[in-house]
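Structure data (JSON, C-alpha atoms and all ligand atoms) from run36.json:
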[["chain", "number", "residue", "atom", "x", "y", "z"],
["A", 16, "MET", "CA", 143.35, 20.01, -141.10],
["A", 17, "HIS", "CA", 140.92, 22.41, -142.72],
["A", 18, "ALA", "CA", 137.20, 22.19, -142.71],
["A", 19, "SER", "CA", 135.86, 20.87, -145.96],
["A", 20, "SER", "CA", 132.64, 22.79, -146.77],
["A", 21, "GLY", "CA", 130.09, 20.79, -144.88],
["A", 22, "SER", "CA", 131.90, 17.46, -144.93],
["A", 23, "VAL", "CA", 131.48, 15.23, -141.88],
["A", 24, "LEU", "CA", 132.92, 11.83, -141.04],
["A", 25, "VAL", "CA", 132.19, 9.43, -138.17],
["A", 26, "VAL", "CA", 133.74, 6.01, -137.48],
["A", 27, "HIS", "CA", 133.14, 3.32, -134.88],
["A", 28, "GLY", "CA", 135.25, 0.45, -133.59],
["A", 29, "GLY", "CA", 132.66, -1.77, -131.98],
["A", 30, "ALA", "CA", 130.14, -1.58, -129.15],
["A", 31, "TYR", "CA", 130.27, -3.86, -126.10],
["A", 32, "ASP", "CA", 131.79, -4.01, -122.64],
["A", 33, "ILE", "CA", 135.19, -3.02, -124.02],
["A", 34, "PRO", "CA", 137.79, -3.89, -121.35],
["A", 35, "LEU", "CA", 139.44, -0.85, -119.76],
["A", 36, "GLU", "CA", 142.92, -1.93, -120.82],
["A", 37, "SER", "CA", 141.74, -1.89, -124.42],
["A", 38, "HIS", "CA", 140.07, 1.55, -124.41],
["A", 39, "GLU", "CA", 143.17, 3.40, -125.52],
["A", 40, "ALA", "CA", 143.82, 1.10, -128.47],
["A", 41, "HIS", "CA", 140.19, 1.36, -129.58],
["A", 42, "VAL", "CA", 140.17, 5.13, -129.38],
["A", 43, "ALA", "CA", 143.56, 5.48, -131.10],
["A", 44, "GLY", "CA", 142.41, 3.11, -133.85],
["A", 45, "CYS", "CA", 139.24, 5.12, -134.41],
["A", 46, "ARG", "CA", 141.31, 8.30, -134.61],
["A", 47, "ASP", "CA", 143.55, 6.74, -137.27],
["A", 48, "GLY", "CA", 140.49, 5.64, -139.23],
["A", 49, "VAL", "CA", 138.83, 9.04, -139.10],
["A", 50, "GLU", "CA", 142.07, 10.77, -140.11],
["A", 51, "ALA", "CA", 142.36, 8.55, -143.18],
["A", 52, "GLY", "CA", 138.77, 9.23, -144.25],
["A", 53, "TRP", "CA", 139.04, 12.93, -143.52],
["A", 54, "ALA", "CA", 142.15, 13.20, -145.71],
["A", 55, "VAL", "CA", 140.04, 11.89, -148.59],
["A", 56, "LEU", "CA", 137.21, 14.35, -147.93],
["A", 57, "THR", "CA", 139.51, 17.35, -147.57],
["A", 58, "SER", "CA", 141.21, 16.55, -150.86],
["A", 59, "GLY", "CA", 137.85, 16.60, -152.63],
["A", 60, "GLY", "CA", 137.14, 12.87, -152.50],
["A", 61, "SER", "CA", 133.66, 11.41, -152.31],
["A", 62, "ALA", "CA", 131.89, 10.15, -149.22],
["A", 63, "LEU", "CA", 132.13, 6.67, -150.74],
["A", 64, "ALA", "CA", 135.92, 6.93, -151.08],
["A", 65, "ALA", "CA", 136.18, 8.37, -147.56],
["A", 66, "VAL", "CA", 134.31, 5.54, -145.83],
["A", 67, "GLU", "CA", 136.36, 2.99, -147.75],
["A", 68, "ALA", "CA", 139.62, 4.69, -146.74],
["A", 69, "ALA", "CA", 138.57, 4.91, -143.10],
["A", 70, "VAL", "CA", 137.48, 1.28, -142.93],
["A", 71, "ARG", "CA", 140.64, 0.06, -144.67],
["A", 72, "VAL", "CA", 142.73, 1.60, -141.89],
["A", 73, "LEU", "CA", 140.51, -0.02, -139.27],
["A", 74, "GLU", "CA", 140.77, -3.38, -141.08],
["A", 75, "GLU", "CA", 144.56, -3.13, -140.92],
["A", 76, "ASN", "CA", 144.51, -2.48, -137.17],
["A", 77, "PRO", "CA", 144.56, -5.80, -135.27],
["A", 78, "THR", "CA", 142.76, -4.16, -132.34],
["A", 79, "PHE", "CA", 139.52, -4.66, -134.23],
["A", 80, "ASP", "CA", 137.51, -7.65, -135.39],
["A", 81, "ALA", "CA", 137.86, -6.77, -139.06],
["A", 82, "GLY", "CA", 140.52, -7.72, -141.58],
["A", 83, "ARG", "CA", 143.73, -8.58, -139.73],
["A", 84, "GLY", "CA", 143.09, -9.61, -136.14],
["A", 85, "SER", "CA", 139.58, -10.93, -136.76],
["A", 86, "PHE", "CA", 138.05, -13.60, -134.54],
["A", 87, "LEU", "CA", 138.38, -17.19, -135.71],
["A", 88, "ASN", "CA", 135.39, -19.33, -136.55],
["A", 89, "ALA", "CA", 134.85, -22.81, -135.11],
["A", 90, "ALA", "CA", 137.17, -24.25, -137.78],
["A", 91, "ALA", "CA", 139.95, -21.78, -136.81],
["A", 92, "GLN", "CA", 139.46, -19.75, -139.98],
["A", 93, "VAL", "CA", 139.03, -16.03, -140.52],
["A", 94, "GLU", "CA", 135.81, -15.34, -142.44],
["A", 95, "LEU", "CA", 135.04, -11.74, -143.25],
["A", 96, "ASP", "CA", 131.86, -9.81, -144.07],
["A", 97, "ALA", "CA", 131.66, -6.23, -145.38],
["A", 98, "ILE", "CA", 129.30, -3.75, -147.01],
["A", 99, "ILE", "CA", 129.56, -0.33, -148.60],
["A", 100, "MET", "CA", 126.60, 1.80, -149.74],
["A", 101, "ASP", "CA", 126.30, 4.95, -151.80],
["A", 102, "GLY", "CA", 123.55, 7.32, -150.69],
["A", 103, "ARG", "CA", 123.30, 8.95, -154.14],
["A", 104, "ASP", "CA", 121.70, 6.01, -155.88],
["A", 105, "LEU", "CA", 121.34, 3.37, -153.14],
["A", 106, "ASN", "CA", 123.97, 1.27, -154.90],
["A", 107, "VAL", "CA", 125.40, -1.33, -152.60],
["A", 108, "GLY", "CA", 128.29, -3.78, -152.65],
["A", 109, "ALA", "CA", 128.54, -6.52, -150.03],
["A", 110, "VAL", "CA", 130.68, -9.60, -149.49],
["A", 111, "ALA", "CA", 130.22, -12.42, -147.01],
["A", 112, "ALA", "CA", 132.38, -15.22, -145.63],
["A", 113, "VAL", "CA", 135.53, -14.29, -147.56],
["A", 114, "GLN", "CA", 138.78, -15.78, -146.31],
["A", 115, "HIS", "CA", 141.64, -14.49, -148.43],
["A", 116, "VAL", "CA", 141.01, -10.78, -148.82],
["A", 117, "ALA", "CA", 142.71, -8.33, -146.46],
["A", 118, "HIS", "CA", 140.35, -5.48, -147.30],
["A", 119, "PRO", "CA", 136.84, -6.81, -147.79],
["A", 120, "VAL", "CA", 135.51, -3.24, -147.85],
["A", 121, "THR", "CA", 137.51, -2.65, -151.04],
["A", 122, "LEU", "CA", 136.16, -5.87, -152.53],
["A", 123, "ALA", "CA", 132.66, -4.65, -151.63],
["A", 124, "ARG", "CA", 133.32, -1.32, -153.33],
["A", 125, "LEU", "CA", 134.64, -3.11, -156.41],
["A", 126, "LEU", "CA", 131.43, -5.10, -156.52],
["A", 127, "LEU", "CA", 129.43, -1.89, -156.21],
["A", 128, "THR", "CA", 131.18, -0.26, -159.16],
["A", 129, "GLU", "CA", 132.07, -3.22, -161.39],
["A", 130, "SER", "CA", 129.21, -5.66, -161.09],
["A", 131, "GLU", "CA", 125.49, -5.87, -161.63],
["A", 132, "HIS", "CA", 125.31, -7.91, -158.43],
["A", 133, "ALA", "CA", 124.94, -6.43, -154.96],
["A", 134, "MET", "CA", 126.36, -9.27, -152.88],
["A", 135, "LEU", "CA", 128.76, -12.17, -153.33],
["A", 136, "ALA", "CA", 129.73, -14.83, -150.82],
["A", 137, "GLY", "CA", 132.63, -17.20, -150.15],
["A", 138, "ALA", "CA", 134.57, -18.67, -153.06],
["A", 139, "GLY", "CA", 132.56, -16.67, -155.62],
["A", 140, "ALA", "CA", 133.46, -13.41, -153.91],
["A", 141, "GLU", "CA", 137.14, -14.40, -153.90],
["A", 142, "LEU", "CA", 136.93, -15.35, -157.57],
["A", 143, "PHE", "CA", 135.55, -11.87, -158.26],
["A", 144, "ALA", "CA", 138.49, -10.40, -156.34],
["A", 145, "ARG", "CA", 140.94, -12.39, -158.46],
["A", 146, "GLU", "CA", 139.15, -11.45, -161.69],
["A", 147, "HIS", "CA", 139.53, -7.78, -160.79],
["A", 148, "GLY", "CA", 143.15, -7.98, -159.66],
["A", 149, "LEU", "CA", 142.53, -7.49, -155.95],
["A", 150, "PRO", "CA", 145.36, -9.03, -153.88],
["A", 151, "ILE", "CA", 144.60, -12.46, -152.46],
["A", 152, "CYS", "CA", 146.29, -13.10, -149.13],
["A", 153, "ALA", "CA", 147.32, -16.18, -147.20],
["A", 154, "PRO", "CA", 145.17, -16.96, -144.13],
["A", 155, "GLU", "CA", 148.19, -16.28, -141.87],
["A", 156, "GLU", "CA", 148.25, -12.65, -142.97],
["A", 157, "LEU", "CA", 144.91, -12.08, -141.24],
["A", 158, "LEU", "CA", 145.69, -14.21, -138.21],
["A", 159, "THR", "CA", 147.11, -12.78, -135.00],
["A", 160, "GLY", "CA", 148.65, -14.70, -132.11],
["A", 161, "ARG", "CA", 146.04, -13.23, -129.78],
["A", 162, "GLU", "CA", 143.20, -14.74, -131.77],
["A", 163, "LEU", "CA", 144.94, -18.09, -132.21],
["A", 164, "GLU", "CA", 145.43, -18.24, -128.44],
["A", 165, "ARG", "CA", 141.80, -17.28, -127.82],
["A", 166, "TRP", "CA", 140.67, -20.08, -130.15],
["A", 167, "LYS", "CA", 143.08, -22.64, -128.66],
["A", 168, "ALA", "CA", 142.03, -21.80, -125.12],
["A", 169, "ALA", "CA", 138.36, -22.23, -126.01],
["A", 170, "HIS", "CA", 138.99, -25.50, -127.82],
["A", 171, "ALA", "CA", 141.41, -26.88, -125.19],
["A", 172, "THR", "CA", 138.42, -27.47, -122.96],
["A", 173, "GLY", "CA", 137.26, -30.15, -125.43],
["A", 174, "LYS", "CA", 133.90, -28.40, -125.34],
["A", 175, "PRO", "CA", 134.49, -25.05, -126.96],
["A", 176, "GLN", "CA", 131.88, -22.56, -125.92],
["A", 177, "ALA", "CA", 129.61, -21.97, -128.85],
["A", 178, "TRP", "CA", 128.93, -18.27, -129.10],
["A", 179, "GLU", "CA", 125.43, -17.58, -127.94],
["A", 180, "PRO", "CA", 123.85, -14.63, -129.67],
["A", 181, "TRP", "CA", 122.38, -13.41, -126.43],
["A", 182, "GLY", "CA", 123.96, -15.60, -123.81],
["A", 183, "ALA", "CA", 124.70, -14.49, -120.29],
["A", 184, "GLN", "CA", 128.36, -13.93, -121.09],
["A", 185, "PRO", "CA", 129.22, -10.61, -122.70],
["A", 186, "HIS", "CA", 131.22, -11.16, -125.85],
["A", 187, "PRO", "CA", 133.57, -8.98, -127.83],
["A", 188, "SER", "CA", 132.13, -7.01, -130.72],
["A", 189, "ASP", "CA", 134.94, -5.14, -132.44],
["A", 190, "THR", "CA", 133.36, -4.61, -135.84],
["A", 191, "VAL", "CA", 134.27, -1.34, -137.58],
["A", 192, "GLY", "CA", 132.31, 1.12, -139.66],
["A", 193, "ALA", "CA", 132.21, 4.62, -141.10],
["A", 194, "VAL", "CA", 129.66, 7.13, -142.35],
["A", 195, "ALA", "CA", 130.48, 10.25, -144.35],
["A", 196, "LEU", "CA", 128.94, 13.33, -145.92],
["A", 197, "ASP", "CA", 130.99, 14.96, -148.66],
["A", 198, "ALA", "CA", 131.16, 18.51, -149.96],
["A", 199, "ALA", "CA", 128.71, 17.64, -152.74],
["A", 200, "GLY", "CA", 126.15, 16.60, -150.14],
["A", 201, "ASN", "CA", 126.42, 12.88, -150.77],
["A", 202, "LEU", "CA", 126.24, 10.30, -147.99],
["A", 203, "ALA", "CA", 127.92, 6.88, -147.79],
["A", 204, "ALA", "CA", 128.29, 4.12, -145.21],
["A", 205, "ALA", "CA", 130.57, 1.10, -144.79],
["A", 206, "THR", "CA", 130.92, -1.71, -142.25],
["A", 207, "SER", "CA", 133.48, -4.52, -142.00],
["A", 208, "THR", "CA", 133.78, -7.45, -139.60],
["A", 209, "GLY", "CA", 135.25, -10.83, -138.82],
["A", 210, "GLY", "CA", 131.90, -11.70, -137.27],
["A", 211, "THR", "CA", 131.51, -13.46, -133.96],
["A", 212, "PHE", "CA", 134.09, -15.64, -132.21],
["A", 213, "ASN", "CA", 133.77, -19.39, -132.85],
["A", 214, "LYS", "CA", 130.89, -18.87, -135.27],
["A", 215, "HIS", "CA", 129.84, -21.79, -137.43],
["A", 216, "PRO", "CA", 131.74, -21.75, -140.74],
["A", 217, "GLY", "CA", 129.56, -19.94, -143.25],
["A", 218, "ARG", "CA", 127.73, -17.92, -140.62],
["A", 219, "VAL", "CA", 126.87, -14.47, -141.97],
["A", 220, "GLY", "CA", 125.97, -11.73, -139.52],
["A", 221, "ASP", "CA", 124.16, -8.44, -139.96],
["A", 222, "SER", "CA", 127.19, -6.51, -141.18],
["A", 223, "PRO", "CA", 127.02, -7.26, -144.94],
["A", 224, "LEU", "CA", 123.21, -7.21, -145.07],
["A", 225, "VAL", "CA", 121.79, -4.07, -146.61],
["A", 226, "GLY", "CA", 119.79, -2.06, -144.07],
["A", 227, "CYS", "CA", 121.23, -4.10, -141.20],
["A", 228, "GLY", "CA", 125.01, -3.55, -140.97],
["A", 229, "ALA", "CA", 124.76, -0.29, -142.90],
["A", 230, "TYR", "CA", 122.48, 1.92, -144.96],
["A", 231, "ALA", "CA", 122.97, 5.19, -146.84],
["A", 232, "ASP", "CA", 120.35, 7.31, -148.56],
["A", 233, "ASN", "CA", 120.94, 10.94, -149.52],
["A", 234, "ARG", "CA", 117.31, 11.63, -148.64],
["A", 235, "THR", "CA", 117.78, 10.64, -145.01],
["A", 236, "ALA", "CA", 121.06, 9.45, -143.49],
["A", 237, "ALA", "CA", 124.06, 7.13, -143.48],
["A", 238, "VAL", "CA", 124.24, 4.54, -140.69],
["A", 239, "SER", "CA", 126.71, 1.84, -139.62],
["A", 240, "ALA", "CA", 125.82, -0.69, -136.94],
["A", 241, "THR", "CA", 127.68, -3.05, -134.63],
["A", 242, "GLY", "CA", 126.69, -5.55, -131.99],
["A", 243, "GLU", "CA", 124.88, -8.87, -131.87],
["A", 244, "GLY", "CA", 124.26, -9.60, -135.51],
["A", 245, "GLU", "CA", 121.49, -12.13, -135.02],
["A", 246, "ALA", "CA", 119.54, -9.40, -133.19],
["A", 247, "LEU", "CA", 120.47, -6.39, -135.33],
["A", 248, "MET", "CA", 119.34, -8.11, -138.52],
["A", 249, "LYS", "CA", 115.91, -8.86, -137.07],
["A", 250, "VAL", "CA", 115.06, -5.18, -136.70],
["A", 251, "VAL", "CA", 116.95, -4.13, -139.89],
["A", 252, "ILE", "CA", 118.51, -1.55, -137.66],
["A", 253, "SER", "CA", 120.32, 0.78, -140.06],
["A", 254, "LYS", "CA", 117.28, 1.20, -142.32],
["A", 255, "LEU", "CA", 115.15, 1.62, -139.21],
["A", 256, "VAL", "CA", 117.27, 4.62, -138.20],
["A", 257, "CYS", "CA", 116.82, 6.13, -141.70],
["A", 258, "ASP", "CA", 113.06, 5.58, -141.52],
["A", 259, "PHE", "CA", 112.91, 7.41, -138.20],
["A", 260, "ILE", "CA", 114.82, 10.29, -139.75],
["A", 261, "ALA", "CA", 112.35, 10.35, -142.66],
["A", 262, "GLN", "CA", 109.63, 10.72, -140.02],
["A", 263, "GLY", "CA", 111.30, 13.87, -138.68],
["A", 264, "MET", "CA", 113.58, 12.70, -135.88],
["A", 265, "ASN", "CA", 117.08, 14.14, -135.61],
["A", 266, "ALA", "CA", 120.12, 11.87, -135.92],
["A", 267, "GLN", "CA", 120.51, 11.20, -132.21],
["A", 268, "GLU", "CA", 116.79, 10.64, -131.62],
["A", 269, "ALA", "CA", 116.60, 8.24, -134.57],
["A", 270, "GLY", "CA", 119.62, 6.25, -133.36],
["A", 271, "GLU", "CA", 118.19, 6.01, -129.86],
["A", 272, "ALA", "CA", 114.72, 5.06, -131.13],
["A", 273, "ALA", "CA", 116.19, 2.22, -133.20],
["A", 274, "ILE", "CA", 118.26, 0.97, -130.26],
["A", 275, "GLN", "CA", 115.10, 1.11, -128.16],
["A", 276, "ILE", "CA", 113.31, -1.13, -130.70],
["A", 277, "LEU", "CA", 116.33, -3.49, -130.65],
["A", 278, "ALA", "CA", 116.08, -3.70, -126.86],
["A", 279, "GLU", "CA", 112.32, -4.14, -126.84],
["A", 280, "ARG", "CA", 112.06, -6.71, -129.62],
["A", 281, "THR", "CA", 115.22, -8.77, -129.08],
["A", 282, "PRO", "CA", 117.50, -9.59, -126.17],
["A", 283, "GLY", "CA", 120.38, -8.21, -128.23],
["A", 284, "GLU", "CA", 122.78, -5.34, -127.71],
["A", 285, "GLY", "CA", 124.42, -3.03, -130.18],
["A", 286, "GLY", "CA", 125.24, 0.45, -131.31],
["A", 287, "VAL", "CA", 124.87, 2.72, -134.32],
["A", 288, "ILE", "CA", 126.62, 5.75, -135.72],
["A", 289, "VAL", "CA", 124.31, 8.06, -137.65],
["A", 290, "LEU", "CA", 124.98, 10.98, -139.98],
["A", 291, "ASP", "CA", 122.03, 12.74, -141.54],
["A", 292, "ARG", "CA", 121.96, 14.71, -144.76],
["A", 293, "ARG", "CA", 122.40, 18.02, -142.89],
["A", 294, "GLY", "CA", 125.57, 16.76, -141.22],
["A", 295, "GLN", "CA", 124.00, 16.04, -137.87],
["A", 296, "ILE", "CA", 125.66, 13.22, -135.92],
["A", 297, "GLY", "CA", 124.04, 10.61, -133.67],
["A", 298, "ILE", "CA", 125.76, 7.90, -131.64],
["A", 299, "ALA", "CA", 123.47, 5.49, -129.81],
["A", 300, "HIS", "CA", 124.01, 2.17, -128.05],
["A", 301, "ASN", "CA", 122.63, -0.10, -125.36],
["A", 302, "THR", "CA", 126.07, -1.57, -124.72],
["A", 303, "PRO", "CA", 128.33, -0.12, -122.03],
["A", 304, "TYR", "CA", 130.63, 1.39, -124.64],
["A", 305, "ILE", "CA", 130.91, 2.30, -128.30],
["A", 306, "ALA", "CA", 134.37, 3.23, -129.56],
["A", 307, "HIS", "CA", 134.05, 6.14, -132.00],
["A", 308, "ALA", "CA", 135.64, 9.19, -133.54],
["A", 309, "TYR", "CA", 134.35, 12.04, -135.67],
["A", 310, "VAL", "CA", 135.56, 15.24, -137.24],
["A", 311, "THR", "CA", 133.81, 18.51, -136.56],
["A", 312, "SER", "CA", 133.26, 21.12, -139.25],
["A", 313, "SER", "CA", 136.34, 22.98, -137.97],
["A", 314, "GLY", "CA", 138.48, 19.91, -138.63],
["A", 315, "GLU", "CA", 138.87, 18.98, -134.97],
["A", 316, "ILE", "CA", 138.90, 15.24, -134.28],
["A", 317, "VAL", "CA", 136.81, 14.10, -131.33],
["A", 318, "THR", "CA", 137.29, 10.58, -130.00],
["A", 319, "GLY", "CA", 135.41, 8.65, -127.35],
["A", 320, "ILE", "CA", 134.51, 5.27, -126.00],
["A", 321, "GLN", "CA", 131.04, 6.20, -124.85],
["A", 322, "ALA", "CA", 128.76, 8.68, -126.57],
["A", 323, "PRO", "CA", 128.79, 11.66, -124.18],
["A", 324, "ALA", "CA", 125.37, 13.23, -123.64],
["A", 325, "SER", "CA", 126.90, 16.65, -124.24],
["A", 326, "ASN", "CA", 127.62, 15.72, -127.84],
["A", 327, "ARG", "CA", 124.05, 14.80, -128.56],
["A", 328, "ASN", "CA", 121.42, 16.60, -130.56],
["A", 329, "GLN", "CA", 123.75, 19.16, -131.98],
["A", 330, "ARG", "CA", 124.47, 19.95, -135.55],
["A", 331, "SER", "CA", 127.98, 19.53, -136.83],
["A", 332, "ASP", "CA", 127.97, 23.14, -137.99],
["A", 333, "ASP", "CA", 127.36, 24.15, -134.39],
["A", 334, "GLY", "CA", 130.82, 22.79, -133.66],
["A", 335, "LEU", "CA", 129.45, 19.71, -131.82],
["A", 401, "LIG", "N1", 127.60, -7.42, -135.86],
["A", 401, "LIG", "C1", 128.73, -8.29, -136.01],
["A", 401, "LIG", "C2", 128.26, -9.68, -136.33],
["A", 401, "LIG", "O1", 127.31, -10.14, -135.72],
["A", 401, "LIG", "C3", 129.59, -8.35, -134.81],
["A", 401, "LIG", "C4", 130.04, -7.01, -134.32],
["A", 401, "LIG", "O2", 129.39, -5.99, -134.54],
["A", 401, "LIG", "O3", 131.10, -6.94, -133.70],
["A", 401, "LIG", "O4", 128.87, -10.32, -137.14]]
Translate this file's structure into structure tokens.
Amino acid sequence: MHASSGSVLVVHGGAYDIPLESHEAHVAGCRDGVEAGWAVLTSGGSALAAVEAAVRVLEENPTFDAGRGSFLNAAAQVELDAIIMDGRDLNVGAVAAVQHVAHPVTLARLLLTESEHAMLAGAGAELFAREHGLPICAPEELLTGRELERWKAAHATGKPQAWEPWGAQPHPSDTVGAVALDAAGNLAAATSTGGTFNKHPGRVGDSPLVGCGAYADNRTAAVSATGEGEALMKVVISKLVCDFIAQGMNAQEAGEAAIQILAERTPGEGGVIVLDRRGQIGIAHNTPYIAHAYVTSSGEIVTGIQAPASNRNQRSDDGL
């Protein structure tokens, strides 16, 4: 792969206490996602197209809580949230609680380009998908045996554990996201999720909320977040990162400052990937792990499960 004049791409595959046996799958999935987005950037595609392509691959991978393989809600249904944002003009497309769309990030992008609305939910979002010829899928296509078993085991107790936003038990958080800078200097961000396990039907997390699950502004940065949605939305974490960058912080400092606010003001945990307008990368989290991958300016793919300190505070054109 060749470097694409200043292009940078970062993806994440969730931030939590990712079990050791699942590290490899998370890292491999992030690599696949970053490769798909990078192929778009190197063939002259936009940052917006790149983040969509990366997230689509992550949605297809059942390792993650997005698209196929998503957690089930309390009614044993998959309900998906997604957002995509264009840093050129702050245009945003977001969908919430959709059940029959395999690639909610694509539905979100369709909304961004084809509608005067910024966000659609539930049946209305699916109607929009139908109106624009997006494939509608059967619920089984998004369902995996692993998630059905997880749901059955929880409900077999007769008292299924309601997910507590900041309960004592750590909970999985396999949401996916991507941020990109293209050769034209434009930023974009996208995030996609099945939300939290056993959530109340209709629950919408931070992921599709502008400034929470993602934000992109060519003047500052592109950010995608993951973690405890009820906490992340309270501090509007992705916009918070961009505001810190506007104040002069670098990408890593801004990510860490926002996570610090999250920790101080809520009991929640999460992580962010950050890409500023100069191509500087930040990866910050107060969870044990954050699965991620990025491409350096030389085209080398770097993957990880925890942001290594040695990768911090460096510009992408320094080779990271
Ligand atoms: N933030 C997502 C939500 O609360 C979950 C996650 O990041 O995994 O819906």
Stretch 196-200 of chain A surroundings by all atoms listed in the file, 9 Å radius, close-in-sequence under 6 positions cut, as a PyMOL selection string: chain A and resi 19-24+56-57+59-63+65+233+237+290-294
Taking C-alpha atoms for each residue, export the selection above as a PDB file, keeping the file's coordinate frame.
ATOM      1  CA  SER A  19     135.860  20.870-145.960  1.00  0.00           C
ATOM      2  CA  SER A  20     132.640  22.790-146.770  1.00  0.00           C
ATOM      3  CA  GLY A  21     130.090  20.790-144.880  1.00  0.00           C
ATOM      4  CA  SER A  22     131.900  17.460-144.930  1.00  0.00           C
ATOM      5  CA  VAL A  23     131.480  15.230-141.880  1.00  0.00           C
ATOM      6  CA  LEU A  24     132.920  11.830-141.040  1.00  0.00           C
ATOM      7  CA  LEU A  56     137.210  14.350-147.930  1.00  0.00           C
ATOM      8  CA  THR A  57     139.510  17.350-147.570  1.00  0.00           C
ATOM      9  CA  GLY A  59     137.850  16.600-152.630  1.00  0.00           C
ATOM     10  CA  GLY A  60     137.140  12.870-152.500  1.00  0.00           C
ATOM     11  CA  SER A  61     133.660  11.410-152.310  1.00  0.00           C
ATOM     12  CA  ALA A  62     131.890  10.150-149.220  1.00  0.00           C
ATOM     13  CA  LEU A  63     132.130   6.670-150.740  1.00  0.00           C
ATOM     14  CA  ALA A  65     136.180   8.370-147.560  1.00  0.00           C
ATOM     15  CA  ASN A 233     120.940  10.940-149.520  1.00  0.00           C
ATOM     16  CA  ALA A 237     124.060   7.130-143.480  1.00  0.00           C
ATOM     17  CA  LEU A 290     124.980  10.980-139.980  1.00  0.00           C
ATOM     18  CA  ASP A 291     122.030  12.740-141.540  1.00  0.00           C
ATOM     19  CA  ARG A 292     121.960  14.710-144.760  1.00  0.00           C
ATOM     20  CA  ARG A 293     122.400  18.020-142.890  1.00  0.00           C
ATOM     21  CA  GLY A 294     125.570  16.760-141.220  1.00  0.00           C
TER      22      GLY A 294
END
Length of the atom CA of A:Gly52 to atom CA of A:Ala299 vector [Å]: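 Computing it gives 21.4 Å between the two atoms.
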Env. residues ligand LIG 401 (chain A) / 10 Å / only C-alpha atoms and all ligand atoms / as number ranges by chain: A: 28-31, 79-81, 85-86, 95-97, 180, 186-192, 206-212, 214, 218-223, 227-228, 239-248, 284-287
Would you export the selected residues with C-alpha atoms as an mmCIF file, in the coordinates of the input, please?
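To be explicit, this is the file written out as out.cif:
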data_model
loop_
_atom_site.group_PDB
_atom_site.id
_atom_site.type_symbol
_atom_site.label_atom_id
_atom_site.label_comp_id
_atom_site.auth_asym_id
_atom_site.auth_seq_id
_atom_site.Cartn_x
_atom_site.Cartn_y
_atom_site.Cartn_z
ATOM 1 C CA GLY A 28 135.250 0.450 -133.590
ATOM 2 C CA GLY A 29 132.660 -1.770 -131.980
ATOM 3 C CA ALA A 30 130.140 -1.580 -129.150
ATOM 4 C CA TYR A 31 130.270 -3.860 -126.100
ATOM 5 C CA PHE A 79 139.520 -4.660 -134.230
ATOM 6 C CA ASP A 80 137.510 -7.650 -135.390
ATOM 7 C CA ALA A 81 137.860 -6.770 -139.060
ATOM 8 C CA SER A 85 139.580 -10.930 -136.760
ATOM 9 C CA PHE A 86 138.050 -13.600 -134.540
ATOM 10 C CA LEU A 95 135.040 -11.740 -143.250
ATOM 11 C CA ASP A 96 131.860 -9.810 -144.070
ATOM 12 C CA ALA A 97 131.660 -6.230 -145.380
ATOM 13 C CA PRO A 180 123.850 -14.630 -129.670
ATOM 14 C CA HIS A 186 131.220 -11.160 -125.850
ATOM 15 C CA PRO A 187 133.570 -8.980 -127.830
ATOM 16 C CA SER A 188 132.130 -7.010 -130.720
ATOM 17 C CA ASP A 189 134.940 -5.140 -132.440
ATOM 18 C CA THR A 190 133.360 -4.610 -135.840
ATOM 19 C CA VAL A 191 134.270 -1.340 -137.580
ATOM 20 C CA GLY A 192 132.310 1.120 -139.660
ATOM 21 C CA THR A 206 130.920 -1.710 -142.250
ATOM 22 C CA SER A 207 133.480 -4.520 -142.000
ATOM 23 C CA THR A 208 133.780 -7.450 -139.600
ATOM 24 C CA GLY A 209 135.250 -10.830 -138.820
ATOM 25 C CA GLY A 210 131.900 -11.700 -137.270
ATOM 26 C CA THR A 211 131.510 -13.460 -133.960
ATOM 27 C CA PHE A 212 134.090 -15.640 -132.210
ATOM 28 C CA LYS A 214 130.890 -18.870 -135.270
ATOM 29 C CA ARG A 218 127.730 -17.920 -140.620
ATOM 30 C CA VAL A 219 126.870 -14.470 -141.970
ATOM 31 C CA GLY A 220 125.970 -11.730 -139.520
ATOM 32 C CA ASP A 221 124.160 -8.440 -139.960
ATOM 33 C CA SER A 222 127.190 -6.510 -141.180
ATOM 34 C CA PRO A 223 127.020 -7.260 -144.940
ATOM 35 C CA CYS A 227 121.230 -4.100 -141.200
ATOM 36 C CA GLY A 228 125.010 -3.550 -140.970
ATOM 37 C CA SER A 239 126.710 1.840 -139.620
ATOM 38 C CA ALA A 240 125.820 -0.690 -136.940
ATOM 39 C CA THR A 241 127.680 -3.050 -134.630
ATOM 40 C CA GLY A 242 126.690 -5.550 -131.990
ATOM 41 C CA GLU A 243 124.880 -8.870 -131.870
ATOM 42 C CA GLY A 244 124.260 -9.600 -135.510
ATOM 43 C CA GLU A 245 121.490 -12.130 -135.020
ATOM 44 C CA ALA A 246 119.540 -9.400 -133.190
ATOM 45 C CA LEU A 247 120.470 -6.390 -135.330
ATOM 46 C CA MET A 248 119.340 -8.110 -138.520
ATOM 47 C CA GLU A 284 122.780 -5.340 -127.710
ATOM 48 C CA GLY A 285 124.420 -3.030 -130.180
ATOM 49 C CA GLY A 286 125.240 0.450 -131.310
ATOM 50 C CA VAL A 287 124.870 2.720 -134.320
#
Residue nearest A:Gln321 among A:Val42, A:Val110, A:Val25, A:Leu127 (counting only C-alpha atoms):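 Looking only at the distances to A:Gln321, the closest residue turns out to be A:Val42.
Minimum atom-to-atom distances from A:Ile296, A:Ala133, A:Val250, A:Leu122 to A:Ala269 were compared using only C-alpha atoms, and the lowest value belongs to A:Ile296.
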Which of A:Asn265, A:Thr172, A:Ser58, A:Thr159 sits closest to A:Pro77 [using only C-alpha atoms]: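 Comparing A:Asn265, A:Thr172, A:Ser58, A:Thr159 against A:Pro77, the winner is A:Thr159.
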